[in-house]
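Engineer: One structure coming up, written as structure tokens, with questions to follow.
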Amino acid sequence: MTTAIQQMYHEWKQLRASAHGTSEEDCDAAVEEMMRIEDAMLEIPSQSAADFAAKVLAYTSHGDFGLTGDGIGQILGEACNLIGEPVPGFDGKASGRLPWYEMQAAETRMERFCEIVGAEPPATLLDAEGAPTDELMDFVREQELSLDWLFLGDVTPLLRAYRTTHAQRSPAALRERVDLLAAAAGIEPVGIEIADGEAVLTDDLIAFCDEANGSLDWLLTGDVGELLRSHRAFSEQRKPFMKATRNLSDNEKKALVFTLRLIVEGTDVDDAMQTFTRVVEEQGAA
């Protein structure tokens, strides 16, 4: 006799097969329906070991994912019922603390994350009341770690962060920033070289950024923070000049503008400064 769970599992398998080799939109729709079926399967009590196996296969996508997330409690609960033995700590959520199996999964994710980024993990993740420790929160802010992923295995925040970063670093986004910087500096935009779908850092791009007094980090990554830091550094460099010119007379300022124009047009700096000195002296004597 085919049970409701096994019928749903059959539908789930068909959707899984249809998701391969299709468009991104159709694939997303199939995955969404698969997740709906997985949740519905969890709500129906298993009538046999076959039902339970079907739930596990669907929930883990045939082993592609681990036994984590919101449904793990229901799955382990049924496993306990099948063997007639309760799992220690299974009722952990009732006391405000994570069950041992979710805590173990979180510690495993933290260990893996630290291996990838080369960071030291916090000594403890949760305090005695089951809340994230201050040490963990400091780590999360510093490393931009998602708590949803750490404790629930939810990869959605990671995917969003990846898409945002990828979009900011795409050749199209770089082209847009180059055009913005060129317009602001009043110069011609530089060409962008692309290899394997990624923009290439070239000498021309570096020279363009220098000429436009732009931030190379902002240009490449779209990080507004880098743009602000570059602007502040440029403003600091201008302060001595602005302070020195603030006390000049109108005639001296005109002479300075004339001198700078000579330098831009290619006049030797020493010759231009001699001209500036002579003009100032002549105006002072007049």
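By convention in this document, the chains of the structure tokens carry letters A, B, ... by their order, each chain's residues are numbered from 1, and ligands are numbered from 1 in the order they are shown.
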Name the residues of segment 21-224 of chain A that fall into strand (DSSP E or B) according to DSSP on the backbone, using the chain letters and numbers of this document, as a ChimeraX atom specification.
Structural biologist: /A:126,132,194-195,198-199
Engineer: Restricting the output to N, CA and C atoms, write the selected residues as a PDB file, in the first residue's frame.
Structural biologist:
ATOM      1  N   LEU A 126      26.934  30.190  23.163  1.00  0.00           N
ATOM      2  CA  LEU A 126      25.737  30.578  23.906  1.00  0.00           C
ATOM      3  C   LEU A 126      26.050  30.682  25.389  1.00  0.00           C
ATOM      4  N   PRO A 132      23.177  34.226  22.486  1.00  0.00           N
ATOM      5  CA  PRO A 132      24.536  34.374  21.951  1.00  0.00           C
ATOM      6  C   PRO A 132      25.418  35.172  22.906  1.00  0.00           C
ATOM      7  N   ILE A 194      38.278  41.974 -20.061  1.00  0.00           N
ATOM      8  CA  ILE A 194      37.533  40.911 -19.386  1.00  0.00           C
ATOM      9  C   ILE A 194      38.147  39.562 -19.746  1.00  0.00           C
ATOM     10  N   ALA A 195      38.359  38.736 -18.726  1.00  0.00           N
ATOM     11  CA  ALA A 195      38.873  37.380 -18.928  1.00  0.00           C
ATOM     12  C   ALA A 195      38.067  36.418 -18.069  1.00  0.00           C
ATOM     13  N   GLU A 198      35.393  37.900 -15.870  1.00  0.00           N
ATOM     14  CA  GLU A 198      35.784  38.806 -14.798  1.00  0.00           C
ATOM     15  C   GLU A 198      36.607  39.961 -15.359  1.00  0.00           C
ATOM     16  N   ALA A 199      36.431  41.145 -14.757  1.00  0.00           N
ATOM     17  CA  ALA A 199      37.227  42.300 -15.156  1.00  0.00           C
ATOM     18  C   ALA A 199      38.670  42.114 -14.698  1.00  0.00           C
TER      19      ALA A 199
END
Engineer: Write out as a list in words the residues lying within 12 Å of Cys114 of chain A, counting only C-alpha atoms and excluding same-chain residues fewer than 5 positions away.
Structural biologist: Glu107, Thr108, Arg109, Ala119, Glu120, Pro121, Pro122, Phe139, Val140, Gln143, Leu145 and Leu150 of chain A
Engineer: Within 12 Å of Gly197 of chain A, counting only C-alpha atoms, which residues qualify if same-chain residues fewer than 5 places away don't, as a PyMOL selection string?
Structural biologist: chain A and resi 166+169-172+192
Engineer: Could you turn the residues from that selection into a file that holds C-alpha atoms, as a PDB file, in the first residue's frame?
Structural biologist:
ATOM      1  CA  HIS A 166      29.308  39.393  -7.217  1.00  0.00           C
ATOM      2  CA  ARG A 169      32.379  43.206  -8.846  1.00  0.00           C
ATOM      3  CA  SER A 170      30.841  42.410 -12.226  1.00  0.00           C
ATOM      4  CA  PRO A 171      32.289  44.009 -15.390  1.00  0.00           C
ATOM      5  CA  ALA A 172      29.018  45.888 -15.934  1.00  0.00           C
ATOM      6  CA  ILE A 192      37.917  47.390 -19.443  1.00  0.00           C
TER       7      ILE A 192
END
Engineer: Provide the atom CA of Leu174 of chain A to atom CA of Gly222 of chain A distance in Å, to one decimal place.
Structural biologist: 7.8 Å
Engineer: Skip Leu260 of chain A itself and residues of its chain fewer than 3 positions away, then list as a ChimeraX atom specification all residues within 12 Å of it, counting only C-alpha atoms.
Structural biologist: /A:253-257,263-273,275-276
Engineer: Any chance you can output those residues with N, CA and C atoms as a compact mmCIF listing (two decimals), in the first residue's frame?
Structural biologist:
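For reference, again_37.txt as written:
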# COMPACT_ATOMS: atom_id res chain seq x y z
N LYS A 253 46.08 85.55 -5.86
CA LYS A 253 45.32 84.37 -6.29
C LYS A 253 45.25 84.29 -7.81
N LYS A 254 45.04 85.44 -8.45
CA LYS A 254 45.01 85.45 -9.91
C LYS A 254 46.36 85.03 -10.48
N ALA A 255 47.43 85.52 -9.85
CA ALA A 255 48.78 85.15 -10.31
C ALA A 255 49.02 83.65 -10.12
N LEU A 256 48.51 83.11 -9.02
CA LEU A 256 48.68 81.68 -8.75
C LEU A 256 47.93 80.84 -9.78
N VAL A 257 46.72 81.25 -10.10
CA VAL A 257 45.94 80.52 -11.11
C VAL A 257 46.66 80.55 -12.45
N ILE A 263 51.93 75.61 -15.66
CA ILE A 263 52.48 74.29 -15.32
C ILE A 263 51.71 73.19 -16.02
N VAL A 264 50.37 73.30 -16.02
CA VAL A 264 49.53 72.31 -16.69
C VAL A 264 49.84 72.26 -18.18
N GLU A 265 50.13 73.42 -18.76
CA GLU A 265 50.40 73.48 -20.20
C GLU A 265 51.81 73.01 -20.55
N GLY A 266 52.62 72.70 -19.52
CA GLY A 266 53.94 72.12 -19.79
C GLY A 266 55.12 73.00 -19.45
N THR A 267 54.88 74.17 -18.90
CA THR A 267 55.99 75.05 -18.52
C THR A 267 56.77 74.44 -17.36
N ASP A 268 58.08 74.59 -17.37
CA ASP A 268 58.90 74.09 -16.28
C ASP A 268 58.43 74.71 -14.96
N VAL A 269 58.38 73.89 -13.92
CA VAL A 269 57.85 74.35 -12.63
C VAL A 269 58.67 75.52 -12.08
N ASP A 270 60.00 75.41 -12.14
CA ASP A 270 60.85 76.49 -11.63
C ASP A 270 60.62 77.78 -12.39
N ASP A 271 60.50 77.67 -13.72
CA ASP A 271 60.25 78.87 -14.53
C ASP A 271 58.89 79.46 -14.19
N ALA A 272 57.91 78.58 -14.00
CA ALA A 272 56.57 79.06 -13.68
C ALA A 272 56.55 79.77 -12.33
N MET A 273 57.27 79.24 -11.35
CA MET A 273 57.30 79.86 -10.03
C MET A 273 58.04 81.19 -10.06
N THR A 275 57.99 83.14 -12.60
CA THR A 275 56.99 84.04 -13.18
C THR A 275 56.00 84.49 -12.12
N PHE A 276 55.57 83.56 -11.28
CA PHE A 276 54.62 83.89 -10.21
C PHE A 276 55.23 84.94 -9.27
Engineer: In Å to one decimal, how far is atom CA of Glu78 of chain A from atom CA of Gln104 of chain A?
Structural biologist: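 Those two atoms sit 19.6 Å apart.
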Engineer: Pick out the residues sitting within 8 Å of Asn213 of chain A, and hand them over as a ChimeraX atom specification; count only C-alpha atoms, and ignore anything fewer than 3 positions along from it in its own chain.
Structural biologist: /A:185,209-210
Engineer: Based on the selection just made, write N, CA and C atoms of those residues as an mmCIF file, in the first residue's frame.
Structural biologist:
data_model
loop_
_atom_site.group_PDB
_atom_site.id
_atom_site.type_symbol
_atom_site.label_atom_id
_atom_site.label_comp_id
_atom_site.auth_asym_id
_atom_site.auth_seq_id
_atom_site.Cartn_x
_atom_site.Cartn_y
_atom_site.Cartn_z
ATOM 1 N N ALA A 185 35.694 63.562 -13.096
ATOM 2 C CA ALA A 185 37.043 64.101 -13.276
ATOM 3 C C ALA A 185 37.203 64.859 -14.586
ATOM 4 N N CYS A 209 42.618 55.615 -12.748
ATOM 5 C CA CYS A 209 42.182 55.905 -11.385
ATOM 6 C C CYS A 209 43.067 56.978 -10.750
ATOM 7 N N ASP A 210 44.372 56.891 -10.997
ATOM 8 C CA ASP A 210 45.295 57.902 -10.466
ATOM 9 C C ASP A 210 44.998 59.275 -11.059
#
